[in-house]
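As stored in coords_2.txt (compact mmCIF, C-alpha atoms and all ligand atoms):
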```txt
# COMPACT_ATOMS: atom_id res chain seq x y z
CA MET A 299 -67.26 1.54 -53.82
CA SER A 300 -64.04 2.41 -52.12
CA THR A 301 -60.56 1.80 -53.41
CA THR A 302 -57.53 1.30 -51.34
CA THR A 303 -54.25 2.43 -52.77
CA GLU A 304 -51.13 1.09 -51.19
CA TYR A 305 -48.19 3.47 -51.17
CA GLY A 306 -44.60 2.66 -50.38
CA TYR A 307 -43.70 -0.89 -49.53
CA ASN A 308 -45.59 -3.31 -51.67
CA SER A 309 -45.08 -6.92 -50.68
CA LYS A 310 -46.56 -8.20 -53.93
CA VAL A 311 -44.03 -6.36 -56.03
CA GLU A 312 -41.03 -6.44 -53.70
CA GLY A 313 -41.59 -9.78 -52.04
CA GLU A 314 -40.49 -10.37 -48.50
CA VAL A 315 -37.09 -8.92 -49.24
CA VAL A 316 -35.40 -5.72 -48.24
CA VAL A 317 -32.12 -4.88 -49.90
CA SER A 318 -29.62 -2.91 -47.92
CA ARG A 319 -25.98 -2.86 -46.93
CA ALA A 320 -24.83 -5.01 -44.05
CA ASP A 321 -23.21 -1.97 -42.46
CA ALA A 322 -26.44 -0.04 -42.61
CA VAL A 323 -28.40 -2.84 -40.96
CA ILE A 324 -25.85 -3.55 -38.27
CA ASN A 325 -25.39 0.11 -37.47
CA TRP A 326 -29.14 0.66 -37.43
CA ILE A 327 -29.50 -2.09 -34.87
CA ARG A 328 -26.56 -0.93 -32.82
CA ARG A 329 -27.44 2.68 -32.70
CA HIS A 330 -30.99 2.20 -31.56
CA SER A 331 -30.17 -0.12 -28.70
CA VAL A 332 -27.23 1.47 -26.96
CA TRP A 333 -27.25 0.07 -23.47
CA PRO A 334 -25.35 2.47 -21.25
CA MET A 335 -23.12 1.58 -18.36
CA PRO A 336 -23.79 4.41 -15.90
CA MET A 337 -20.32 5.13 -14.55
CA GLY A 338 -21.66 7.73 -12.13
CA LEU A 339 -18.77 9.04 -10.05
CA ALA A 340 -19.88 12.47 -8.86
CA CYS A 341 -22.47 15.20 -9.26
CA CYS A 342 -22.85 14.69 -13.03
CA ALA A 343 -24.48 11.35 -12.24
CA ILE A 344 -27.48 13.23 -10.87
CA GLU A 345 -28.07 14.76 -14.29
CA LEU A 346 -27.57 11.33 -15.79
CA MET A 347 -30.38 10.09 -13.56
CA ALA A 348 -32.53 13.02 -14.59
CA ALA A 349 -31.97 12.09 -18.23
CA GLY A 350 -33.30 8.65 -17.42
CA GLY A 351 -36.42 10.01 -15.76
CA SER A 352 -39.72 10.66 -17.45
CA ARG A 353 -39.17 14.35 -18.01
CA PHE A 354 -36.20 13.93 -20.33
CA ASP A 355 -36.76 10.27 -21.09
CA ILE A 356 -33.63 8.84 -22.64
CA SER A 357 -35.71 5.83 -23.71
CA ARG A 358 -36.89 7.85 -26.71
CA PHE A 359 -33.48 7.02 -28.17
CA GLY A 360 -33.33 3.40 -27.10
CA MET A 361 -30.90 4.00 -24.27
CA GLU A 362 -33.01 3.52 -21.20
CA VAL A 363 -31.61 0.11 -20.38
CA MET A 364 -28.95 1.17 -17.91
CA ARG A 365 -26.92 -1.90 -17.14
CA PHE A 366 -24.88 -2.14 -14.00
CA SER A 367 -22.98 -5.07 -15.41
CA PRO A 368 -20.22 -4.30 -17.90
CA ARG A 369 -20.93 -7.55 -19.72
CA GLN A 370 -24.31 -6.30 -20.85
CA SER A 371 -23.53 -2.74 -21.77
CA ASP A 372 -22.31 -1.05 -24.94
CA CYS A 373 -21.57 2.49 -23.92
CA MET A 374 -19.87 3.67 -20.78
CA ILE A 375 -21.11 7.10 -19.73
CA VAL A 376 -18.39 8.43 -17.43
CA ALA A 377 -20.36 10.94 -15.39
CA GLY A 378 -18.20 12.57 -12.79
CA THR A 379 -14.77 13.14 -11.38
CA VAL A 380 -12.33 10.31 -12.00
CA THR A 381 -9.73 10.16 -9.28
CA TYR A 382 -6.50 8.28 -9.76
CA LYS A 383 -7.74 5.76 -7.25
CA MET A 384 -10.90 5.18 -9.30
CA ALA A 385 -9.12 5.23 -12.69
CA GLU A 386 -8.13 1.63 -12.26
CA VAL A 387 -11.75 0.59 -11.72
CA VAL A 388 -12.98 2.58 -14.72
CA ARG A 389 -10.40 0.92 -16.94
CA ARG A 390 -11.18 -2.57 -15.65
CA ILE A 391 -14.90 -2.09 -16.23
CA TYR A 392 -14.16 -0.81 -19.71
CA ASP A 393 -12.07 -3.88 -20.40
CA GLN A 394 -14.88 -6.15 -19.28
CA MET A 395 -17.40 -4.62 -21.65
CA ALA A 396 -18.02 -6.62 -24.80
CA GLU A 397 -17.14 -5.20 -28.21
CA PRO A 398 -18.39 -3.03 -29.81
CA LYS A 399 -18.18 -0.45 -27.06
CA TRP A 400 -18.18 3.29 -26.83
CA VAL A 401 -17.29 5.81 -24.16
CA VAL A 402 -18.97 9.13 -23.48
CA ALA A 403 -17.16 11.59 -21.21
CA MET A 404 -19.95 13.51 -19.55
CA GLY A 405 -19.05 16.86 -18.05
CA ALA A 406 -15.92 18.88 -17.50
CA CYS A 407 -14.44 16.50 -14.94
CA ALA A 408 -14.58 13.40 -17.08
CA SER A 409 -13.40 15.32 -20.15
CA THR A 410 -10.48 17.28 -18.70
CA GLY A 411 -10.41 16.97 -14.93
CA GLY A 412 -12.62 20.07 -14.79
CA MET A 413 -12.07 22.36 -11.87
CA TYR A 414 -10.14 19.70 -10.00
CA ARG A 415 -6.61 20.68 -10.91
CA SER A 416 -5.50 18.42 -8.16
CA TYR A 417 -2.94 15.83 -7.21
CA ALA A 418 -5.71 13.27 -6.82
CA VAL A 419 -7.78 13.69 -10.00
CA LEU A 420 -7.12 12.16 -13.40
CA GLN A 421 -7.01 15.06 -15.87
CA GLY A 422 -9.42 13.60 -18.38
CA VAL A 423 -10.71 10.05 -18.67
CA ASP A 424 -9.26 9.88 -22.21
CA ARG A 425 -5.93 9.11 -20.58
CA ILE A 426 -7.12 5.63 -19.72
CA VAL A 427 -9.97 4.82 -22.13
CA PRO A 428 -10.69 5.95 -25.71
CA VAL A 429 -13.47 8.52 -25.60
CA ASP A 430 -15.95 8.89 -28.45
CA VAL A 431 -17.98 11.89 -27.37
CA TYR A 432 -17.13 14.67 -24.92
CA ILE A 433 -19.98 16.63 -23.39
CA SER A 434 -19.20 20.06 -21.98
CA GLY A 435 -20.86 21.48 -18.90
CA CYS A 436 -20.57 21.36 -15.16
CA PRO A 437 -22.88 19.53 -15.04
CA PRO A 438 -24.24 19.21 -18.57
CA ARG A 439 -28.01 19.50 -18.65
CA PRO A 440 -29.86 16.31 -19.56
CA GLU A 441 -30.54 17.84 -22.97
CA ALA A 442 -26.80 18.12 -23.50
CA LEU A 443 -26.38 14.48 -22.57
CA LEU A 444 -29.13 13.52 -24.99
CA ASP A 445 -27.44 15.61 -27.69
CA GLY A 446 -24.16 13.87 -26.95
CA MET A 447 -25.82 10.48 -27.17
CA MET A 448 -27.44 11.42 -30.48
CA ARG A 449 -24.03 12.40 -31.77
CA LEU A 450 -22.79 9.01 -30.66
CA GLN A 451 -25.64 7.46 -32.66
CA GLU A 452 -24.52 9.49 -35.64
CA LYS A 453 -21.02 8.21 -35.14
CA ILE A 454 -22.14 4.59 -34.87
CA ARG A 455 -24.09 5.08 -38.08
CA ASN A 456 -20.93 5.95 -39.97
CA GLU A 457 -18.81 3.11 -38.66
CA SER A 458 -17.64 0.30 -40.92
CA SER A 459 -19.00 -2.44 -38.71
CA THR A 460 -18.55 -5.30 -41.17
CA ARG A 461 -14.84 -4.61 -41.41
CA GLY A 462 -14.64 -5.20 -37.71
CA LEU A 463 -16.68 -8.40 -37.98
CA PHE A 464 -14.51 -10.16 -40.52
CA LYS A 465 -11.12 -8.85 -39.60
CA ASP A 466 -8.95 -11.46 -37.97
CA ARG A 467 -8.85 -9.79 -34.65
CA LYS A 468 -6.79 -11.27 -31.91
CA ALA A 469 -8.66 -11.42 -28.68
CA ARG A 470 -8.10 -8.21 -26.83
CA GLU A 471 -5.94 -8.83 -23.91
CA LEU A 472 -7.61 -7.80 -20.71
CA ALA A 473 -5.97 -5.27 -18.51
CA TYR A 474 -6.03 -7.47 -15.51
CA LYS A 475 -3.64 -10.32 -15.71
CA GLU A 476 -3.58 -13.16 -13.29
CA ALA A 477 -1.18 -12.17 -10.59
CA MET B 45 -21.34 26.73 33.33
CA SER B 46 -19.81 29.93 32.00
CA GLU B 47 -16.66 29.82 29.98
CA THR B 48 -14.45 31.23 32.74
CA ASP B 49 -15.79 28.70 35.24
CA PHE B 50 -15.16 25.95 32.79
CA THR B 51 -11.62 27.16 32.14
CA THR B 52 -10.95 27.31 35.86
CA ALA B 53 -12.34 23.83 36.40
CA LEU B 54 -10.28 22.42 33.58
CA ARG B 55 -7.10 24.19 34.68
CA GLU B 56 -7.62 23.01 38.24
CA ARG B 57 -7.86 19.44 37.16
CA PHE B 58 -5.17 19.55 34.51
CA PRO B 59 -2.59 22.22 35.32
CA GLY B 60 -0.82 21.61 32.00
CA VAL B 61 -3.76 22.99 30.02
CA THR B 62 -3.40 26.50 28.64
CA GLU B 63 -5.82 28.70 26.78
CA ARG B 64 -5.29 28.84 23.04
CA PRO B 65 -5.85 32.02 21.06
CA SER B 66 -9.10 31.62 19.19
CA LEU B 67 -11.52 33.81 17.28
CA ASP B 68 -14.55 31.61 17.71
CA LEU B 69 -14.80 28.71 20.14
CA ALA B 70 -13.24 28.14 23.50
CA ALA B 71 -9.88 26.58 22.71
CA TYR B 72 -7.20 24.95 24.84
CA ASP B 73 -3.72 23.62 24.29
CA CYS B 74 -2.97 20.49 26.17
CA PRO B 75 0.16 18.44 26.68
CA HIS B 76 0.60 15.40 24.54
CA GLY B 77 0.73 12.89 27.37
CA GLU B 78 -2.48 13.99 29.08
CA LEU B 79 -4.60 14.16 25.96
CA GLN B 80 -6.60 11.01 26.55
CA ASP B 81 -7.32 11.86 30.18
CA ILE B 82 -8.44 15.36 29.26
CA LEU B 83 -10.69 14.17 26.46
CA ARG B 84 -12.15 11.49 28.71
CA TYR B 85 -12.85 14.12 31.36
CA LEU B 86 -14.47 16.38 28.77
CA ARG B 87 -16.62 13.55 27.51
CA ASP B 88 -17.71 12.04 30.81
CA ASP B 89 -17.70 14.93 33.26
CA ALA B 90 -17.96 18.10 31.19
CA GLY B 91 -20.68 16.81 28.85
CA PHE B 92 -18.86 17.13 25.54
CA ASP B 93 -20.29 13.88 24.29
CA MET B 94 -19.82 14.28 20.56
CA LEU B 95 -16.60 14.31 18.58
CA MET B 96 -17.13 16.63 15.63
CA ASP B 97 -13.74 16.64 13.96
CA VAL B 98 -10.14 15.57 14.20
CA THR B 99 -7.64 17.38 12.04
CA ALA B 100 -4.10 18.67 12.19
CA ILE B 101 -1.96 21.73 11.53
CA ASP B 102 1.44 21.68 9.89
CA ALA B 103 3.64 24.53 11.13
CA TYR B 104 6.39 23.47 8.73
CA GLU B 105 9.62 25.01 10.00
CA GLU B 106 8.64 25.38 13.62
CA SER B 107 8.91 22.76 16.29
CA PRO B 108 6.69 21.02 17.32
CA ARG B 109 5.77 20.86 13.68
CA PHE B 110 2.43 19.04 13.83
CA THR B 111 -0.54 19.86 16.06
CA VAL B 112 -3.59 17.63 16.24
CA VAL B 113 -6.88 19.47 16.76
CA TYR B 114 -10.08 18.01 18.19
CA HIS B 115 -13.48 19.66 18.05
CA LEU B 116 -15.97 18.50 20.65
CA PHE B 117 -19.64 19.34 20.96
CA SER B 118 -22.00 19.11 23.87
CA THR B 119 -25.39 17.98 22.62
CA ALA B 120 -27.03 19.04 25.91
CA ARG B 121 -25.59 22.56 26.16
CA ARG B 122 -24.93 23.09 22.44
CA GLU B 123 -21.40 24.25 22.99
CA TYR B 124 -18.21 23.54 21.19
CA VAL B 125 -14.69 23.27 22.48
CA ARG B 126 -11.44 22.94 20.60
CA ILE B 127 -8.51 20.98 22.00
CA ALA B 128 -5.10 21.10 20.38
CA THR B 129 -2.10 19.01 21.21
CA PRO B 130 1.39 19.03 19.72
CA CYS B 131 2.73 15.79 18.25
CA GLU B 132 5.86 14.07 19.40
CA ASP B 133 8.68 13.95 16.89
CA ASP B 134 8.68 16.33 13.91
CA ALA B 135 9.91 13.78 11.39
CA GLU B 136 7.60 10.93 12.32
CA PRO B 137 4.82 12.60 14.26
CA ARG B 138 2.78 10.57 16.71
CA ALA B 139 -0.35 11.23 18.71
CA PRO B 140 -2.45 8.98 20.92
CA SER B 141 -5.59 7.58 19.32
CA VAL B 142 -8.96 8.42 20.85
CA ALA B 143 -10.86 5.84 18.82
CA ASP B 144 -11.68 3.99 22.05
CA LEU B 145 -13.38 7.12 23.45
CA TRP B 146 -15.39 7.97 20.33
CA PRO B 147 -15.77 5.41 17.55
CA ALA B 148 -16.12 8.43 15.24
CA ALA B 149 -12.43 9.14 15.74
CA ASP B 150 -11.54 6.03 13.76
CA TRP B 151 -12.03 7.48 10.27
CA HIS B 152 -11.07 11.01 11.28
CA GLU B 153 -7.73 9.73 12.47
CA ARG B 154 -7.29 7.68 9.34
CA GLU B 155 -7.88 10.81 7.30
CA THR B 156 -5.44 12.81 9.37
CA TYR B 157 -2.90 10.03 8.95
CA ASP B 158 -3.54 9.98 5.21
CA MET B 159 -3.14 13.72 4.76
CA PHE B 160 -0.43 14.56 7.32
CA GLY B 161 1.28 11.29 8.08
CA ILE B 162 0.58 11.46 11.79
CA THR B 163 0.62 8.02 13.38
CA PHE B 164 -2.11 7.55 15.96
CA THR B 165 -0.77 5.07 18.46
CA GLY B 166 -3.36 2.57 19.59
CA HIS B 167 -5.56 3.05 16.52
CA PRO B 168 -7.35 -0.21 15.61
CA ASP B 169 -6.81 -0.01 11.84
CA LEU B 170 -4.58 2.83 10.72
CA ARG B 171 -4.68 2.75 6.91
CA ARG B 172 -5.01 5.47 4.32
CA ILE B 173 -8.61 6.41 3.68
CA LEU B 174 -8.60 8.80 0.68
CA MET B 175 -5.39 8.19 -1.22
CA TRP B 176 -4.52 4.64 -2.20
CA ASP B 177 -2.33 2.34 -0.13
CA GLY B 178 1.27 2.84 -1.07
CA TYR B 179 0.96 6.50 -2.10
CA PRO B 180 4.34 7.88 -1.07
CA TYR B 181 3.36 11.40 0.03
CA PHE B 182 1.13 13.14 2.56
CA PRO B 183 -0.75 15.76 0.54
CA LEU B 184 -1.63 18.29 3.23
CA ARG B 185 1.93 18.70 4.43
CA LYS B 186 3.36 22.09 3.61
CA GLU B 187 6.12 20.80 1.38
CA PHE B 188 3.64 19.00 -0.90
CA PRO B 189 2.96 21.13 -4.00
CA LEU B 190 -0.64 21.86 -4.91
CA ALA B 191 -0.18 20.14 -8.26
CA GLY B 192 1.16 16.93 -6.74
CA HIS B 193 4.10 14.76 -7.69
CA GLU B 194 4.62 12.34 -10.51
CA VAL B 195 4.18 8.75 -9.34
CA ASP B 196 2.92 5.54 -10.88
CA LEU B 197 -0.76 4.64 -11.03
CA PRO B 198 -1.87 2.39 -8.17
CA ALA B 199 -2.52 -0.49 -10.59
CA PRO B 200 0.67 -1.40 -12.48
CA ASP B 201 -1.15 -3.47 -15.12
CA VAL B 202 -3.51 -0.62 -15.99
CA ALA B 203 -0.57 1.77 -16.06
CA GLU B 204 1.31 -0.50 -18.41
CA ARG B 205 -1.66 -0.90 -20.73
CA THR B 206 -2.69 2.71 -20.90
CA GLY B 207 0.63 4.46 -20.37
CA ALA B 208 -1.10 6.70 -17.83
CA LYS B 209 0.69 8.09 -14.81
CA VAL B 210 -0.16 10.23 -11.85
CA LEU B 211 1.11 13.59 -13.10
CA PRO B 212 1.32 17.02 -11.55
CA ALA B 213 -1.95 18.74 -12.41
CA PRO B 214 -1.72 21.69 -14.80
CA MET B 215 -2.00 24.83 -12.75
CA MET B 216 -2.30 27.46 -15.46
CA GLY B 217 -4.77 27.77 -18.29
CA GLY B 218 -7.69 25.48 -18.91
CA PRO B 219 -11.41 25.96 -18.94
CA PHE B 220 -11.85 26.87 -15.29
CA HIS B 221 -8.94 29.23 -15.00
CA SER B 222 -9.52 32.65 -13.51
CA PRO B 223 -7.08 35.52 -14.03
CA GLN B 224 -4.34 35.56 -11.43
CA LYS B 225 -4.96 39.12 -10.35
CA GLY B 226 -5.95 40.64 -7.08
CA PRO B 227 -5.33 39.48 -3.53
CA MET B 228 -4.78 35.81 -2.76
CA SER B 229 -8.02 35.64 -0.84
CA ARG B 230 -10.04 36.56 -3.91
CA ARG B 231 -8.62 34.22 -6.48
CA GLU B 232 -8.27 30.55 -7.09
CA PRO B 233 -5.48 28.75 -5.24
CA ARG B 234 -3.12 28.36 -8.16
CA ALA B 235 0.55 28.75 -8.87
CA ASP B 236 1.72 32.19 -9.93
CA ASP B 237 4.13 30.81 -12.49
CA GLU B 238 4.00 27.93 -14.90
CA SER B 239 6.54 25.79 -13.10
CA TRP B 240 3.98 23.11 -12.37
CA THR B 241 2.20 23.23 -15.67
CA GLU B 242 2.05 19.89 -17.30
CA THR B 243 4.26 19.64 -20.35
CA ARG B 244 3.57 16.08 -21.41
CA GLU B 245 1.07 15.64 -24.20
CA LYS B 246 -1.81 13.22 -23.90
CA ASP B 247 -1.16 9.90 -25.61
CA ALA B 248 -2.29 9.74 -29.20
CA ALA B 249 -5.64 8.05 -29.76
CA GLN B 250 -5.32 4.50 -28.58
CA ALA B 251 -5.41 1.87 -31.25
CA LEU B 252 -8.92 0.63 -31.76
CA PRO B 253 -9.97 -2.46 -33.68
CA ASP B 254 -11.58 -0.36 -36.40
CA GLY B 255 -8.80 2.14 -36.56
CA PRO B 256 -9.35 5.69 -35.39
CA ARG B 257 -13.00 6.50 -35.15
CA ASP B 258 -13.57 9.63 -37.15
CA PHE B 259 -16.62 11.54 -36.27
CA LYS B 260 -18.42 12.17 -39.53
CA HIS B 261 -21.46 14.23 -39.03
CA SER B 262 -24.00 13.65 -41.78
CA ASP B 263 -26.74 16.10 -42.47
CA THR B 264 -29.30 13.52 -43.47
S1 LIG C 1 -18.29 18.37 -14.23
FE1 LIG C 1 -19.16 19.54 -12.52
S2 LIG C 1 -21.11 18.51 -12.10
FE2 LIG C 1 -19.87 17.09 -13.30
S3 LIG C 1 -18.80 15.82 -11.82
FE3 LIG C 1 -17.46 17.54 -12.32
S4 LIG C 1 -17.89 19.06 -10.75
FE4 LIG C 1 -19.60 17.60 -10.73
```
Kindly present the structure from the file in structure tokens form.
Amino acid sequence: MSTTTEYGYNSKVEGEVVVSRADAVINWIRRHSVWPMPMGLACCAIELMAAGGSRFDISRFGMEVMRFSPRQSDCMIVAGTVTYKMAEVVRRIYDQMAEPKWVVAMGACASTGGMYRSYAVLQGVDRIVPVDVYISGCPPRPEALLDGMMRLQEKIRNESSTRGLFKDRKARELAYKEA
Amino acid sequence: MSETDFTTALRERFPGVTERPSLDLAAYDCPHGELQDILRYLRDDAGFDMLMDVTAIDAYEESPRFTVVYHLFSTARREYVRIATPCEDDAEPRAPSVADLWPAADWHERETYDMFGITFTGHPDLRRILMWDGYPYFPLRKEFPLAGHEVDLPAPDVAERTGAKVLPAPMMGGPFHSPQKGPMSRREPRADDESWTETREKDAAQALPDGPRDFKHSDT
């Protein structure tokens, strides 16, 4: 005669109920389905593509759904050199993304302007959008990108998401106004 | 055709053409007015069927200040030739467009216009190609500092919302800075002093709906 012992979750004892904090649940959901907006502007974008490929496989972290529409994405990965001409576009795409949203500056160029100390290059994308995670490297290896994204997950985990949900927040004015 | 024969043939046809000192390719100076005829001759009769490059030289305090340079290639003979022509007017330089001879000249001339401010007369669509429309300077002119000038962002609404501006780039310090020692040819093209170094601080973290996002790293 064999006996089966059930360890851990016992539906008879605990019922169909899990008790947790709203923040923990919301953050758990958010951090495991970060849909990135691949803002690939220069060479770093190649490493971003590599991170999406099978060898590095960003889908292990729930981030493989690269969305080319700002409306569907949560996290803008700025991968590359942001020129002043492009800065406007980056900001407009950021504005069109739905809340909650995060920004990752991938590589030296996006973080600080990198080696382009130039009249044409924005010296760090944090001048136009709030950046959550900076990744060093020129270009950062896909592992570094994955590490940066895991740090972003860590950050999302510690956010007070419910505060944001219930706060009377006036609709964020979009950067583009009707001319 | 050897180079001397070619030079003779070209000089015979266009007496205004002179040889230009050059370390690599055959190079000729030609008068501004004859440029189109000479290039047409080179394309149709001398076999230089491919336009490789159009660029310009700024001699700053000399006159004529601007020289437009064309690089042609013969796909049959695999030879290059360089043609240079001075621009009319040092303040508002002009050169004839060759976009009707080679469609490739279209964007090359737009780039040369963008960087040097040389107007190509007869160009079908002379707009800036790299910098944005309305940028007030021509970056490859000698008086333009490497770091650039302070101007407004191309999009006024984004500039207003973010407080960002086009600022002179910091020329000293930073992660990619190499020591300013040794001959100019061996080091990065940077200013020797800090006169162009950016002094303005970055804006404080922009207000976010949840307040500043502190990065709390948990060990669990
Ligand atoms: S950081 Fe390096 S690899 Fe990345 S965009 Fe800049 S120059 Fe290219």
Would you list the residues near (9.3, 25.0, 16.0) (no more than 12 Å away, in the coordinates of the file, using all atoms listed in the file) as a list in words?
Asp102, Ala103, Tyr104, Glu105, Glu106, Ser107, Pro108, Arg109, Phe110, Thr111, Pro130, Cys131, Glu132, Asp133 and Asp134 of chain B
Which chain A residues have any atom within 9 Å of an atom of ligand LIG 1 (chain C), and for each, what is the nearest pair of atoms with distance in Å to one decimal, counting all atoms listed in the file, rows sorted by chain and number, as a Markdown table?
```
| residue | atom | partner | partner_atom | distance |
| --- | --- | --- | --- | --- |
| A:Gly338 | CA | C:LIG1 | S3 | 8.6 |
| A:Leu339 | CA | C:LIG1 | S3 | 7.0 |
| A:Ala340 | CA | C:LIG1 | S3 | 4.6 |
| A:Cys341 | CA | C:LIG1 | FE4 | 4.0 |
| A:Cys342 | CA | C:LIG1 | FE2 | 3.8 |
| A:Ala343 | CA | C:LIG1 | S3 | 7.2 |
| A:Ile344 | CA | C:LIG1 | S2 | 8.4 |
| A:Glu345 | CA | C:LIG1 | S2 | 8.2 |
| A:Ala377 | CA | C:LIG1 | S3 | 6.2 |
| A:Gly378 | CA | C:LIG1 | S3 | 3.4 |
| A:Thr379 | CA | C:LIG1 | S3 | 4.9 |
| A:Val380 | CA | C:LIG1 | S3 | 8.5 |
| A:Met404 | CA | C:LIG1 | FE2 | 7.2 |
| A:Gly405 | CA | C:LIG1 | S1 | 4.2 |
| A:Ala406 | CA | C:LIG1 | S1 | 4.1 |
| A:Cys407 | CA | C:LIG1 | FE3 | 4.1 |
| A:Ala408 | CA | C:LIG1 | S1 | 6.8 |
| A:Ser409 | CA | C:LIG1 | S1 | 8.3 |
| A:Gly411 | CA | C:LIG1 | FE3 | 7.5 |
| A:Gly412 | CA | C:LIG1 | S1 | 5.9 |
| A:Met413 | CA | C:LIG1 | S4 | 6.8 |
| A:Tyr414 | CA | C:LIG1 | S4 | 7.8 |
| A:Ser434 | CA | C:LIG1 | S1 | 8.0 |
| A:Gly435 | CA | C:LIG1 | S1 | 6.2 |
| A:Cys436 | CA | C:LIG1 | FE1 | 3.5 |
| A:Pro437 | CA | C:LIG1 | S2 | 3.6 |
| A:Pro438 | CA | C:LIG1 | FE2 | 7.2 |
```
Considering only C-alpha atoms, give me a table of residues in chain A that are at most 7 Å from chain B, with the closest atom pair and distance in Å for each, as a Markdown table.
```
| residue | atom | partner | partner_atom | distance |
| --- | --- | --- | --- | --- |
| A:Tyr382 | CA | B:Leu197 | CA | 6.9 |
| A:Lys383 | CA | B:Trp176 | CA | 6.1 |
| A:Glu386 | CA | B:Ala199 | CA | 6.2 |
| A:Gly412 | CA | B:Phe220 | CA | 6.9 |
| A:Met413 | CA | B:Phe220 | CA | 5.7 |
| A:Arg415 | CA | B:Ala213 | CA | 5.3 |
| A:Ser416 | CA | B:Ala213 | CA | 5.5 |
| A:Tyr417 | CA | B:Gly192 | CA | 4.3 |
| A:Arg425 | CA | B:Ala208 | CA | 6.1 |
| A:Ile426 | CA | B:Thr206 | CA | 5.4 |
| A:Pro428 | CA | B:Gln250 | CA | 6.3 |
| A:Glu452 | CA | B:His261 | CA | 6.6 |
| A:Lys453 | CA | B:Phe259 | CA | 5.6 |
| A:Asn456 | CA | B:Lys260 | CA | 6.7 |
| A:Gly462 | CA | B:Asp254 | CA | 5.9 |
| A:Ala473 | CA | B:Val202 | CA | 5.8 |
| A:Tyr474 | CA | B:Asp201 | CA | 6.3 |
```
One decimal, Å: what's the distance from CA of Trp333 (chain A) over to CA of Met374 (chain A), could you say?
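Taking CA of Trp333 (chain A) and CA of Met374 (chain A), their separation equals 8.6 Å.
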Residues around (-6.6, 11.6, 14.5), cut-off 9 Å, counting all atoms listed in the file - what are they as an mmCIF file with C-alpha atoms, in the coordinates of the input?
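Printed below is point11.cif as written:
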```cif
data_model
loop_
_atom_site.group_PDB
_atom_site.id
_atom_site.type_symbol
_atom_site.label_atom_id
_atom_site.label_comp_id
_atom_site.auth_asym_id
_atom_site.auth_seq_id
_atom_site.Cartn_x
_atom_site.Cartn_y
_atom_site.Cartn_z
ATOM 1 C CA ASP B 97 -13.740 16.640 13.960
ATOM 2 C CA VAL B 98 -10.140 15.570 14.200
ATOM 3 C CA THR B 99 -7.640 17.380 12.040
ATOM 4 C CA ALA B 100 -4.100 18.670 12.190
ATOM 5 C CA VAL B 112 -3.590 17.630 16.240
ATOM 6 C CA VAL B 113 -6.880 19.470 16.760
ATOM 7 C CA TYR B 114 -10.080 18.010 18.190
ATOM 8 C CA ALA B 139 -0.350 11.230 18.710
ATOM 9 C CA PRO B 140 -2.450 8.980 20.920
ATOM 10 C CA SER B 141 -5.590 7.580 19.320
ATOM 11 C CA VAL B 142 -8.960 8.420 20.850
ATOM 12 C CA ALA B 143 -10.860 5.840 18.820
ATOM 13 C CA ALA B 149 -12.430 9.140 15.740
ATOM 14 C CA ASP B 150 -11.540 6.030 13.760
ATOM 15 C CA TRP B 151 -12.030 7.480 10.270
ATOM 16 C CA HIS B 152 -11.070 11.010 11.280
ATOM 17 C CA GLU B 153 -7.730 9.730 12.470
ATOM 18 C CA ARG B 154 -7.290 7.680 9.340
ATOM 19 C CA GLU B 155 -7.880 10.810 7.300
ATOM 20 C CA THR B 156 -5.440 12.810 9.370
ATOM 21 C CA TYR B 157 -2.900 10.030 8.950
ATOM 22 C CA ILE B 162 0.580 11.460 11.790
ATOM 23 C CA THR B 163 0.620 8.020 13.380
ATOM 24 C CA PHE B 164 -2.110 7.550 15.960
ATOM 25 C CA HIS B 167 -5.560 3.050 16.520
#
```
Please measure the separation of CA of Ile356 (chain A) and CA of Asp430 (chain A), giving the value in Å to one decimal.
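Interatomic distance, CA of Ile356 (chain A) to CA of Asp430 (chain A): 18.6 Å.
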Could you tell me how far CA of Arg172 (chain B) sits from CA of Arg87 (chain B), in Å to one decimal place?
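Computing it gives 27.2 Å between the two atoms.
Every protein, DNA or RNA residue with an atom at most 10 Å from Leu54 (chain B), where only C-alpha atoms count and chain neighbours fewer than 5 positions away do not, is listed here: Thr48, Asp49, Pro59, Gly60, Val61, Thr62, Tyr72, Ile82, Tyr85, Leu86 and Ala90 of chain B.
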Got a sec: who's within 10 Å of Arg122 (chain B), counting all atoms listed in the file, leaving out chain neighbours fewer than 3 positions off, as a PDB file with C-alpha atoms, keeping the file's coordinate frame?
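In the end it all went to selection-v2.pdb:
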```pdb
ATOM      1  CA  GLY B  91     -20.680  16.810  28.850  1.00  0.00           C
ATOM      2  CA  PHE B  92     -18.860  17.130  25.540  1.00  0.00           C
ATOM      3  CA  PHE B 117     -19.640  19.340  20.960  1.00  0.00           C
ATOM      4  CA  SER B 118     -22.000  19.110  23.870  1.00  0.00           C
ATOM      5  CA  THR B 119     -25.390  17.980  22.620  1.00  0.00           C
TER       6      THR B 119
END
```
